[in-house]
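K.L.:
Have a look at this one.
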Amino acid sequence: MYGDLLEVLIGITGRDFTIVASSKAATRGATILKAEHDRTKILNDHCLMAYAGEAGDTAQKAPLRQGMLIRSFGRAKVQFAEFIQANVQLYGMRSNCTQALSPASVSSFVRAELAKSLRSRKPYQVSLLIGGYDTVNDQPELYWLDYLAAKAKLPYAAHGYAQYYCLSILDKHHHPNIDLEQGRKILRMCIEELVRRMPADFKGVNVKVITKAGIQGLEY
């Protein structure tokens, strides 16, 4: 679990946005294998998932057959991040609806799959943040999930060492009506704290913001 702690995930919601930040370093033990790794998956126009955990469980690329429901337990073929992304997108194609799945619906689906996996012989070792914007209810949303299929809707959340070093900062400075600039300022405070106190270099963070207009990357 030491490697999981080195993978930083931070999510912050505000008045009309959700920010999701993820560390760039891909590590194995104390070794950095890649310094520009993006550990997020865009699920639809207003929802994305950030993941951390065992490399074989999170984002190993695999071929998908068009039109087939992707099963989560073919572990040698499809790993968890691609499985979730493929099935959310497949739902949109099959239903042919103009309204995509909300972050709440996506998080319920993900939690159900984690619960099934937990009761199998080879459960997934993944930690997740699902951030998005609910265009029906006109509000940002953030969901925290862990490998035990626990799920919570939160105004801010973190995985890895960020849980230990950043939650106190978020407790002090966050409130529901912050604007995007205030959210970026709080995130900057969190990253500076991690740089000072973490025992390893996580190579900075990829930052993405989800608003009613969609998903865009932020320079950090």
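Chains: A, B, ... in order of the structure tokens. Residues: from 1 per chain. Ligands: from 1, in order shown.
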Mind checking which residues fall within 12 Å of Arg119 of chain A, counting only C-alpha atoms, ignoring those fewer than 6 positions away in the same chain, and posting them as a VMD selection string?

P.N.:
chain A and resid 73 112 to 113 147 to 149

K.L.:
Since we have the selection now, will you write its residues out, keeping C-alpha atoms, as a PDB file, in the first residue's frame?

P.N.:
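What follows is the written file part_25.pdb:
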```pdb
ATOM      1  CA  PHE A  73     -13.680  -9.730 -14.289  1.00  0.00           C
ATOM      2  CA  ALA A 112     -21.591  -1.641  -7.526  1.00  0.00           C
ATOM      3  CA  GLU A 113     -18.714  -2.977  -9.633  1.00  0.00           C
ATOM      4  CA  TYR A 147     -11.189  -0.419  -2.612  1.00  0.00           C
ATOM      5  CA  LEU A 148     -13.736  -1.648  -0.036  1.00  0.00           C
ATOM      6  CA  ALA A 149     -16.558  -0.135  -2.150  1.00  0.00           C
TER       7      ALA A 149
END
```

K.L.:
Quick one: residues within 12 Å of Phe17 of chain A, only C-alpha atoms counted, chain neighbours fewer than 5 positions away excluded, as a PDB file with C-alpha atoms, in the first residue's frame?

P.N.:
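Once everything was written out, this is out37.pdb:
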```pdb
ATOM      1  CA  GLY A  11     -10.861  16.948  -5.347  1.00  0.00           C
ATOM      2  CA  ILE A  12     -12.459  20.296  -4.477  1.00  0.00           C
ATOM      3  CA  HIS A  46     -19.369  16.538 -17.461  1.00  0.00           C
ATOM      4  CA  CYS A  47     -17.773  13.717 -15.479  1.00  0.00           C
ATOM      5  CA  GLY A 131     -15.894  14.581 -10.040  1.00  0.00           C
ATOM      6  CA  GLY A 132     -18.403  16.254 -12.285  1.00  0.00           C
ATOM      7  CA  TYR A 133     -21.186  18.726 -12.816  1.00  0.00           C
ATOM      8  CA  ASP A 134     -24.858  17.715 -12.635  1.00  0.00           C
ATOM      9  CA  THR A 135     -26.445  19.708 -15.450  1.00  0.00           C
ATOM     10  CA  ASP A 138     -27.135  22.610 -11.803  1.00  0.00           C
ATOM     11  CA  GLN A 139     -24.556  21.766  -9.148  1.00  0.00           C
ATOM     12  CA  PRO A 140     -20.999  20.397  -8.899  1.00  0.00           C
ATOM     13  CA  GLU A 141     -20.498  16.959  -7.357  1.00  0.00           C
ATOM     14  CA  LEU A 142     -17.574  14.976  -5.959  1.00  0.00           C
ATOM     15  CA  PRO A 155     -17.331  18.922  -0.750  1.00  0.00           C
ATOM     16  CA  TYR A 156     -13.623  17.991  -0.912  1.00  0.00           C
ATOM     17  CA  PRO A 176     -19.412  25.882  -0.409  1.00  0.00           C
ATOM     18  CA  ASN A 177     -19.483  29.252  -2.187  1.00  0.00           C
ATOM     19  CA  ILE A 178     -15.837  29.600  -3.189  1.00  0.00           C
ATOM     20  CA  ASP A 179     -15.217  30.653  -6.773  1.00  0.00           C
ATOM     21  CA  LEU A 180     -12.744  29.010  -9.141  1.00  0.00           C
ATOM     22  CA  GLU A 181      -9.882  31.342  -8.283  1.00  0.00           C
ATOM     23  CA  GLN A 182     -10.308  30.634  -4.567  1.00  0.00           C
ATOM     24  CA  GLY A 183     -10.428  26.903  -5.339  1.00  0.00           C
ATOM     25  CA  ARG A 184      -7.157  27.141  -7.252  1.00  0.00           C
ATOM     26  CA  LYS A 208      -8.772  19.471 -14.505  1.00  0.00           C
ATOM     27  CA  VAL A 209     -11.857  21.539 -13.793  1.00  0.00           C
ATOM     28  CA  ILE A 210     -15.442  20.518 -14.553  1.00  0.00           C
ATOM     29  CA  THR A 211     -18.091  23.205 -14.996  1.00  0.00           C
ATOM     30  CA  LYS A 212     -21.444  23.486 -16.724  1.00  0.00           C
ATOM     31  CA  ALA A 213     -19.516  24.232 -19.938  1.00  0.00           C
ATOM     32  CA  GLY A 214     -17.586  20.945 -19.754  1.00  0.00           C
ATOM     33  CA  ILE A 215     -14.109  19.711 -18.775  1.00  0.00           C
ATOM     34  CA  GLN A 216     -10.892  21.616 -19.311  1.00  0.00           C
TER      35      GLN A 216
END
```

K.L.:
So that I can see what lies close to Thr31 of chain A, please list as a PyMOL selection string the residues with an atom at most 10 Å from it, counting only C-alpha atoms and leaving out residues fewer than 4 positions away in the same chain.

P.N.:
chain A and resi 3+25-27+200

K.L.:
Using only C-alpha atoms for the distances, tell me which of A:Leu114, A:Leu154, A:Leu33, A:Ile186 is nearest to Cys166 of chain A.

P.N.:
A:Ile186

K.L.:
Need the shell around Lys185 of chain A: protein/DNA/RNA residues with any atom at most 12 Å away, counting only C-alpha atoms. Skip same-chain ones fewer than 6 positions apart. Format as a PyMOL selection string?

P.N.:
chain A and resi 12+19+169-170+173-174+178-179+191-192+220

K.L.:
Within 7 Å of Lys203 of chain A, counting only C-alpha atoms, which residues show up once you throw out same-chain ones fewer than 5 positions away? Write them as a PyMOL selection string, please.

P.N.:
chain A and resi 23-25+35

K.L.:
Please provide the set of residues having any atom within 12 Å of Gln163 of chain A, restricted to only C-alpha atoms, with same-chain residues fewer than 3 positions apart removed, written as number ranges by chain.

P.N.:
A: 4-11, 144, 156-160, 166-171, 190, 193-194, 198

K.L.:
Would you put the residues from that selection into a file with C-alpha atoms, as an mmCIF file, in the first residue's frame?

P.N.:
```cif
data_model
loop_
_atom_site.group_PDB
_atom_site.id
_atom_site.type_symbol
_atom_site.label_atom_id
_atom_site.label_comp_id
_atom_site.auth_asym_id
_atom_site.auth_seq_id
_atom_site.Cartn_x
_atom_site.Cartn_y
_atom_site.Cartn_z
ATOM 1 C CA ASP A 4 -0.782 3.883 -3.280
ATOM 2 C CA LEU A 5 0.087 6.543 -0.700
ATOM 3 C CA LEU A 6 2.559 8.143 -3.125
ATOM 4 C CA GLU A 7 -0.244 8.615 -5.663
ATOM 5 C CA VAL A 8 -1.886 11.930 -4.848
ATOM 6 C CA LEU A 9 -5.552 12.603 -5.671
ATOM 7 C CA ILE A 10 -7.332 15.787 -4.555
ATOM 8 C CA GLY A 11 -10.861 16.948 -5.347
ATOM 9 C CA TRP A 144 -14.890 9.506 -2.828
ATOM 10 C CA TYR A 156 -13.623 17.991 -0.912
ATOM 11 C CA ALA A 157 -11.691 14.735 -0.768
ATOM 12 C CA ALA A 158 -8.256 13.173 -1.134
ATOM 13 C CA HIS A 159 -6.429 9.876 -1.501
ATOM 14 C CA GLY A 160 -2.821 8.948 -0.760
ATOM 15 C CA CYS A 166 -4.211 18.341 3.001
ATOM 16 C CA LEU A 167 -7.507 17.645 4.736
ATOM 17 C CA SER A 168 -6.730 20.047 7.587
ATOM 18 C CA ILE A 169 -6.020 22.808 5.036
ATOM 19 C CA LEU A 170 -9.279 22.049 3.257
ATOM 20 C CA ASP A 171 -11.165 21.972 6.565
ATOM 21 C CA CYS A 190 -2.316 21.794 -0.607
ATOM 22 C CA GLU A 193 2.265 21.389 1.741
ATOM 23 C CA LEU A 194 2.751 18.063 -0.045
ATOM 24 C CA MET A 198 6.027 14.120 1.312
#
```

K.L.:
May I have all residues of segment 21-188 of chain A that DSSP, computed from the backbone, assigns to helix (DSSP H, G or I), given as a PDB file with N, CA and C atoms, in the first residue's frame?

P.N.:
```pdb
ATOM      1  N   ALA A  55      -1.046  -0.868 -10.394  1.00  0.00           N
ATOM      2  CA  ALA A  55      -0.963  -0.490 -11.808  1.00  0.00           C
ATOM      3  C   ALA A  55      -1.758  -1.441 -12.701  1.00  0.00           C
ATOM      4  N   GLY A  56      -1.756  -2.714 -12.390  1.00  0.00           N
ATOM      5  CA  GLY A  56      -2.482  -3.680 -13.200  1.00  0.00           C
ATOM      6  C   GLY A  56      -3.978  -3.591 -13.051  1.00  0.00           C
ATOM      7  N   ASP A  57      -4.444  -2.905 -12.012  1.00  0.00           N
ATOM      8  CA  ASP A  57      -5.881  -2.791 -11.770  1.00  0.00           C
ATOM      9  C   ASP A  57      -6.464  -1.487 -12.272  1.00  0.00           C
ATOM     10  N   THR A  58      -5.624  -0.507 -12.599  1.00  0.00           N
ATOM     11  CA  THR A  58      -6.158   0.820 -12.857  1.00  0.00           C
ATOM     12  C   THR A  58      -6.239   1.178 -14.327  1.00  0.00           C
ATOM     13  N   PHE A  80      -9.567  -1.836 -14.640  1.00  0.00           N
ATOM     14  CA  PHE A  80     -10.727  -1.165 -14.073  1.00  0.00           C
ATOM     15  C   PHE A  80     -11.033   0.191 -14.693  1.00  0.00           C
ATOM     16  N   ALA A  81     -10.037   1.028 -14.891  1.00  0.00           N
ATOM     17  CA  ALA A  81     -10.308   2.368 -15.412  1.00  0.00           C
ATOM     18  C   ALA A  81     -10.910   2.316 -16.808  1.00  0.00           C
ATOM     19  N   GLU A  82     -10.342   1.461 -17.682  1.00  0.00           N
ATOM     20  CA  GLU A  82     -10.889   1.327 -19.023  1.00  0.00           C
ATOM     21  C   GLU A  82     -12.276   0.693 -19.000  1.00  0.00           C
ATOM     22  N   PHE A  83     -12.471  -0.257 -18.094  1.00  0.00           N
ATOM     23  CA  PHE A  83     -13.777  -0.906 -17.965  1.00  0.00           C
ATOM     24  C   PHE A  83     -14.866   0.111 -17.645  1.00  0.00           C
ATOM     25  N   ILE A  84     -14.610   0.995 -16.685  1.00  0.00           N
ATOM     26  CA  ILE A  84     -15.601   2.007 -16.311  1.00  0.00           C
ATOM     27  C   ILE A  84     -15.824   2.983 -17.458  1.00  0.00           C
ATOM     28  N   GLN A  85     -14.737   3.471 -18.041  1.00  0.00           N
ATOM     29  CA  GLN A  85     -14.851   4.433 -19.144  1.00  0.00           C
ATOM     30  C   GLN A  85     -15.620   3.841 -20.315  1.00  0.00           C
ATOM     31  N   ALA A  86     -15.305   2.601 -20.684  1.00  0.00           N
ATOM     32  CA  ALA A  86     -15.958   1.970 -21.831  1.00  0.00           C
ATOM     33  C   ALA A  86     -17.446   1.766 -21.594  1.00  0.00           C
ATOM     34  N   ASN A  87     -17.822   1.339 -20.400  1.00  0.00           N
ATOM     35  CA  ASN A  87     -19.223   1.052 -20.142  1.00  0.00           C
ATOM     36  C   ASN A  87     -20.067   2.305 -19.981  1.00  0.00           C
ATOM     37  N   VAL A  88     -19.504   3.369 -19.410  1.00  0.00           N
ATOM     38  CA  VAL A  88     -20.237   4.636 -19.340  1.00  0.00           C
ATOM     39  C   VAL A  88     -20.477   5.181 -20.737  1.00  0.00           C
ATOM     40  N   GLN A  89     -19.458   5.111 -21.588  1.00  0.00           N
ATOM     41  CA  GLN A  89     -19.622   5.581 -22.966  1.00  0.00           C
ATOM     42  C   GLN A  89     -20.552   4.674 -23.759  1.00  0.00           C
ATOM     43  N   LEU A  90     -20.485   3.365 -23.506  1.00  0.00           N
ATOM     44  CA  LEU A  90     -21.374   2.424 -24.181  1.00  0.00           C
ATOM     45  C   LEU A  90     -22.822   2.668 -23.797  1.00  0.00           C
ATOM     46  N   TYR A  91     -23.065   3.002 -22.538  1.00  0.00           N
ATOM     47  CA  TYR A  91     -24.427   3.325 -22.105  1.00  0.00           C
ATOM     48  C   TYR A  91     -24.978   4.510 -22.899  1.00  0.00           C
ATOM     49  N   GLY A  92     -24.138   5.526 -23.084  1.00  0.00           N
ATOM     50  CA  GLY A  92     -24.581   6.680 -23.857  1.00  0.00           C
ATOM     51  C   GLY A  92     -24.913   6.334 -25.288  1.00  0.00           C
ATOM     52  N   MET A  93     -24.114   5.449 -25.914  1.00  0.00           N
ATOM     53  CA  MET A  93     -24.384   5.054 -27.301  1.00  0.00           C
ATOM     54  C   MET A  93     -25.636   4.191 -27.404  1.00  0.00           C
ATOM     55  N   ARG A  94     -25.820   3.274 -26.450  1.00  0.00           N
ATOM     56  CA  ARG A  94     -26.978   2.379 -26.501  1.00  0.00           C
ATOM     57  C   ARG A  94     -28.282   3.110 -26.227  1.00  0.00           C
ATOM     58  N   SER A  95     -28.258   4.001 -25.252  1.00  0.00           N
ATOM     59  CA  SER A  95     -29.490   4.698 -24.882  1.00  0.00           C
ATOM     60  C   SER A  95     -29.829   5.802 -25.868  1.00  0.00           C
ATOM     61  N   PRO A 103     -22.908  12.477 -12.463  1.00  0.00           N
ATOM     62  CA  PRO A 103     -21.858  11.955 -11.582  1.00  0.00           C
ATOM     63  C   PRO A 103     -22.409  11.013 -10.511  1.00  0.00           C
ATOM     64  N   ALA A 104     -23.602  11.282  -9.990  1.00  0.00           N
ATOM     65  CA  ALA A 104     -24.198  10.412  -8.978  1.00  0.00           C
ATOM     66  C   ALA A 104     -24.475   9.023  -9.551  1.00  0.00           C
ATOM     67  N   SER A 105     -24.997   8.966 -10.777  1.00  0.00           N
ATOM     68  CA  SER A 105     -25.284   7.679 -11.414  1.00  0.00           C
ATOM     69  C   SER A 105     -23.998   6.920 -11.711  1.00  0.00           C
ATOM     70  N   VAL A 106     -22.992   7.621 -12.198  1.00  0.00           N
ATOM     71  CA  VAL A 106     -21.707   6.982 -12.479  1.00  0.00           C
ATOM     72  C   VAL A 106     -21.098   6.413 -11.199  1.00  0.00           C
ATOM     73  N   SER A 107     -21.148   7.184 -10.123  1.00  0.00           N
ATOM     74  CA  SER A 107     -20.556   6.715  -8.864  1.00  0.00           C
ATOM     75  C   SER A 107     -21.288   5.492  -8.326  1.00  0.00           C
ATOM     76  N   SER A 108     -22.596   5.429  -8.515  1.00  0.00           N
ATOM     77  CA  SER A 108     -23.351   4.256  -8.063  1.00  0.00           C
ATOM     78  C   SER A 108     -22.959   3.023  -8.867  1.00  0.00           C
ATOM     79  N   PHE A 109     -22.782   3.195 -10.180  1.00  0.00           N
ATOM     80  CA  PHE A 109     -22.343   2.092 -11.024  1.00  0.00           C
ATOM     81  C   PHE A 109     -20.951   1.606 -10.622  1.00  0.00           C
ATOM     82  N   VAL A 110     -20.039   2.549 -10.396  1.00  0.00           N
ATOM     83  CA  VAL A 110     -18.670   2.191 -10.009  1.00  0.00           C
ATOM     84  C   VAL A 110     -18.670   1.470  -8.667  1.00  0.00           C
ATOM     85  N   ARG A 111     -19.442   1.975  -7.711  1.00  0.00           N
ATOM     86  CA  ARG A 111     -19.490   1.337  -6.410  1.00  0.00           C
ATOM     87  C   ARG A 111     -20.022  -0.092  -6.519  1.00  0.00           C
ATOM     88  N   ALA A 112     -21.039  -0.299  -7.347  1.00  0.00           N
ATOM     89  CA  ALA A 112     -21.591  -1.641  -7.526  1.00  0.00           C
ATOM     90  C   ALA A 112     -20.539  -2.593  -8.098  1.00  0.00           C
ATOM     91  N   GLU A 113     -19.748  -2.130  -9.049  1.00  0.00           N
ATOM     92  CA  GLU A 113     -18.714  -2.977  -9.633  1.00  0.00           C
ATOM     93  C   GLU A 113     -17.605  -3.280  -8.628  1.00  0.00           C
ATOM     94  N   LEU A 114     -17.250  -2.298  -7.794  1.00  0.00           N
ATOM     95  CA  LEU A 114     -16.255  -2.543  -6.755  1.00  0.00           C
ATOM     96  C   LEU A 114     -16.775  -3.546  -5.727  1.00  0.00           C
ATOM     97  N   ALA A 115     -18.069  -3.461  -5.415  1.00  0.00           N
ATOM     98  CA  ALA A 115     -18.655  -4.401  -4.459  1.00  0.00           C
ATOM     99  C   ALA A 115     -18.652  -5.821  -5.016  1.00  0.00           C
ATOM    100  N   LYS A 116     -18.946  -5.959  -6.308  1.00  0.00           N
ATOM    101  CA  LYS A 116     -18.870  -7.286  -6.933  1.00  0.00           C
ATOM    102  C   LYS A 116     -17.440  -7.810  -6.904  1.00  0.00           C
ATOM    103  N   SER A 117     -16.505  -6.948  -7.228  1.00  0.00           N
ATOM    104  CA  SER A 117     -15.102  -7.346  -7.252  1.00  0.00           C
ATOM    105  C   SER A 117     -14.623  -7.761  -5.864  1.00  0.00           C
ATOM    106  N   LEU A 118     -15.092  -7.035  -4.840  1.00  0.00           N
ATOM    107  CA  LEU A 118     -14.680  -7.319  -3.468  1.00  0.00           C
ATOM    108  C   LEU A 118     -15.066  -8.735  -3.042  1.00  0.00           C
ATOM    109  N   ALA A 162      -2.067  12.805   0.485  1.00  0.00           N
ATOM    110  CA  ALA A 162      -2.875  14.026   0.550  1.00  0.00           C
ATOM    111  C   ALA A 162      -3.931  13.944   1.650  1.00  0.00           C
ATOM    112  N   GLN A 163      -4.371  12.724   1.977  1.00  0.00           N
ATOM    113  CA  GLN A 163      -5.337  12.570   3.066  1.00  0.00           C
ATOM    114  C   GLN A 163      -4.756  13.070   4.380  1.00  0.00           C
ATOM    115  N   TYR A 164      -3.468  12.828   4.611  1.00  0.00           N
ATOM    116  CA  TYR A 164      -2.838  13.176   5.875  1.00  0.00           C
ATOM    117  C   TYR A 164      -2.420  14.642   5.927  1.00  0.00           C
ATOM    118  N   TYR A 165      -1.994  15.181   4.776  1.00  0.00           N
ATOM    119  CA  TYR A 165      -1.391  16.502   4.788  1.00  0.00           C
ATOM    120  C   TYR A 165      -2.335  17.627   4.344  1.00  0.00           C
ATOM    121  N   LEU A 167      -6.135  17.519   4.257  1.00  0.00           N
ATOM    122  CA  LEU A 167      -7.507  17.645   4.736  1.00  0.00           C
ATOM    123  C   LEU A 167      -7.664  18.747   5.785  1.00  0.00           C
ATOM    124  N   SER A 168      -6.648  18.960   6.606  1.00  0.00           N
ATOM    125  CA  SER A 168      -6.730  20.047   7.587  1.00  0.00           C
ATOM    126  C   SER A 168      -6.763  21.404   6.896  1.00  0.00           C
ATOM    127  N   ILE A 169      -5.992  21.556   5.807  1.00  0.00           N
ATOM    128  CA  ILE A 169      -6.020  22.808   5.036  1.00  0.00           C
ATOM    129  C   ILE A 169      -7.395  23.018   4.423  1.00  0.00           C
ATOM    130  N   LEU A 170      -7.951  21.950   3.864  1.00  0.00           N
ATOM    131  CA  LEU A 170      -9.279  22.049   3.257  1.00  0.00           C
ATOM    132  C   LEU A 170     -10.343  22.327   4.312  1.00  0.00           C
ATOM    133  N   ASP A 171     -10.230  21.700   5.472  1.00  0.00           N
ATOM    134  CA  ASP A 171     -11.165  21.972   6.565  1.00  0.00           C
ATOM    135  C   ASP A 171     -11.181  23.454   6.922  1.00  0.00           C
ATOM    136  N   LYS A 172     -10.013  24.059   6.932  1.00  0.00           N
ATOM    137  CA  LYS A 172      -9.898  25.450   7.380  1.00  0.00           C
ATOM    138  C   LYS A 172     -10.359  26.446   6.323  1.00  0.00           C
ATOM    139  N   HIS A 173     -10.027  26.199   5.059  1.00  0.00           N
ATOM    140  CA  HIS A 173     -10.197  27.239   4.042  1.00  0.00           C
ATOM    141  C   HIS A 173     -11.389  27.021   3.099  1.00  0.00           C
ATOM    142  N   LEU A 180     -13.820  29.817  -8.573  1.00  0.00           N
ATOM    143  CA  LEU A 180     -12.744  29.010  -9.141  1.00  0.00           C
ATOM    144  C   LEU A 180     -11.369  29.508  -8.721  1.00  0.00           C
ATOM    145  N   GLU A 181     -11.182  30.806  -8.669  1.00  0.00           N
ATOM    146  CA  GLU A 181      -9.882  31.342  -8.283  1.00  0.00           C
ATOM    147  C   GLU A 181      -9.547  30.988  -6.835  1.00  0.00           C
ATOM    148  N   GLN A 182     -10.537  31.038  -5.957  1.00  0.00           N
ATOM    149  CA  GLN A 182     -10.308  30.634  -4.567  1.00  0.00           C
ATOM    150  C   GLN A 182     -10.004  29.135  -4.486  1.00  0.00           C
ATOM    151  N   GLY A 183     -10.701  28.335  -5.308  1.00  0.00           N
ATOM    152  CA  GLY A 183     -10.428  26.903  -5.339  1.00  0.00           C
ATOM    153  C   GLY A 183      -9.011  26.609  -5.783  1.00  0.00           C
ATOM    154  N   ARG A 184      -8.529  27.319  -6.786  1.00  0.00           N
ATOM    155  CA  ARG A 184      -7.157  27.141  -7.252  1.00  0.00           C
ATOM    156  C   ARG A 184      -6.149  27.555  -6.177  1.00  0.00           C
ATOM    157  N   LYS A 185      -6.482  28.602  -5.438  1.00  0.00           N
ATOM    158  CA  LYS A 185      -5.594  29.051  -4.362  1.00  0.00           C
ATOM    159  C   LYS A 185      -5.488  27.986  -3.269  1.00  0.00           C
ATOM    160  N   ILE A 186      -6.620  27.375  -2.898  1.00  0.00           N
ATOM    161  CA  ILE A 186      -6.611  26.325  -1.877  1.00  0.00           C
ATOM    162  C   ILE A 186      -5.828  25.115  -2.375  1.00  0.00           C
ATOM    163  N   LEU A 187      -6.035  24.758  -3.642  1.00  0.00           N
ATOM    164  CA  LEU A 187      -5.279  23.637  -4.216  1.00  0.00           C
ATOM    165  C   LEU A 187      -3.792  23.913  -4.188  1.00  0.00           C
ATOM    166  N   ARG A 188      -3.400  25.142  -4.510  1.00  0.00           N
ATOM    167  CA  ARG A 188      -1.979  25.506  -4.484  1.00  0.00           C
ATOM    168  C   ARG A 188      -1.405  25.347  -3.073  1.00  0.00           C
TER     169      ARG A 188
END
```

K.L.:
Between A:Met189, A:Glu36, A:Thr13, A:Ala30, single out the one closest to Gly204 of chain A, counting only C-alpha atoms.

P.N.:
A:Glu36

K.L.:
Hey, what does DSSP flag as strand (DSSP E or B) within chain A? Can you give it to me as a PyMOL selection string?

P.N.:
chain A and resi 9-13+18-23+26-28+31-34+40-44+47-53+126-134+139-145+151-153+156-159+205-211+214-218
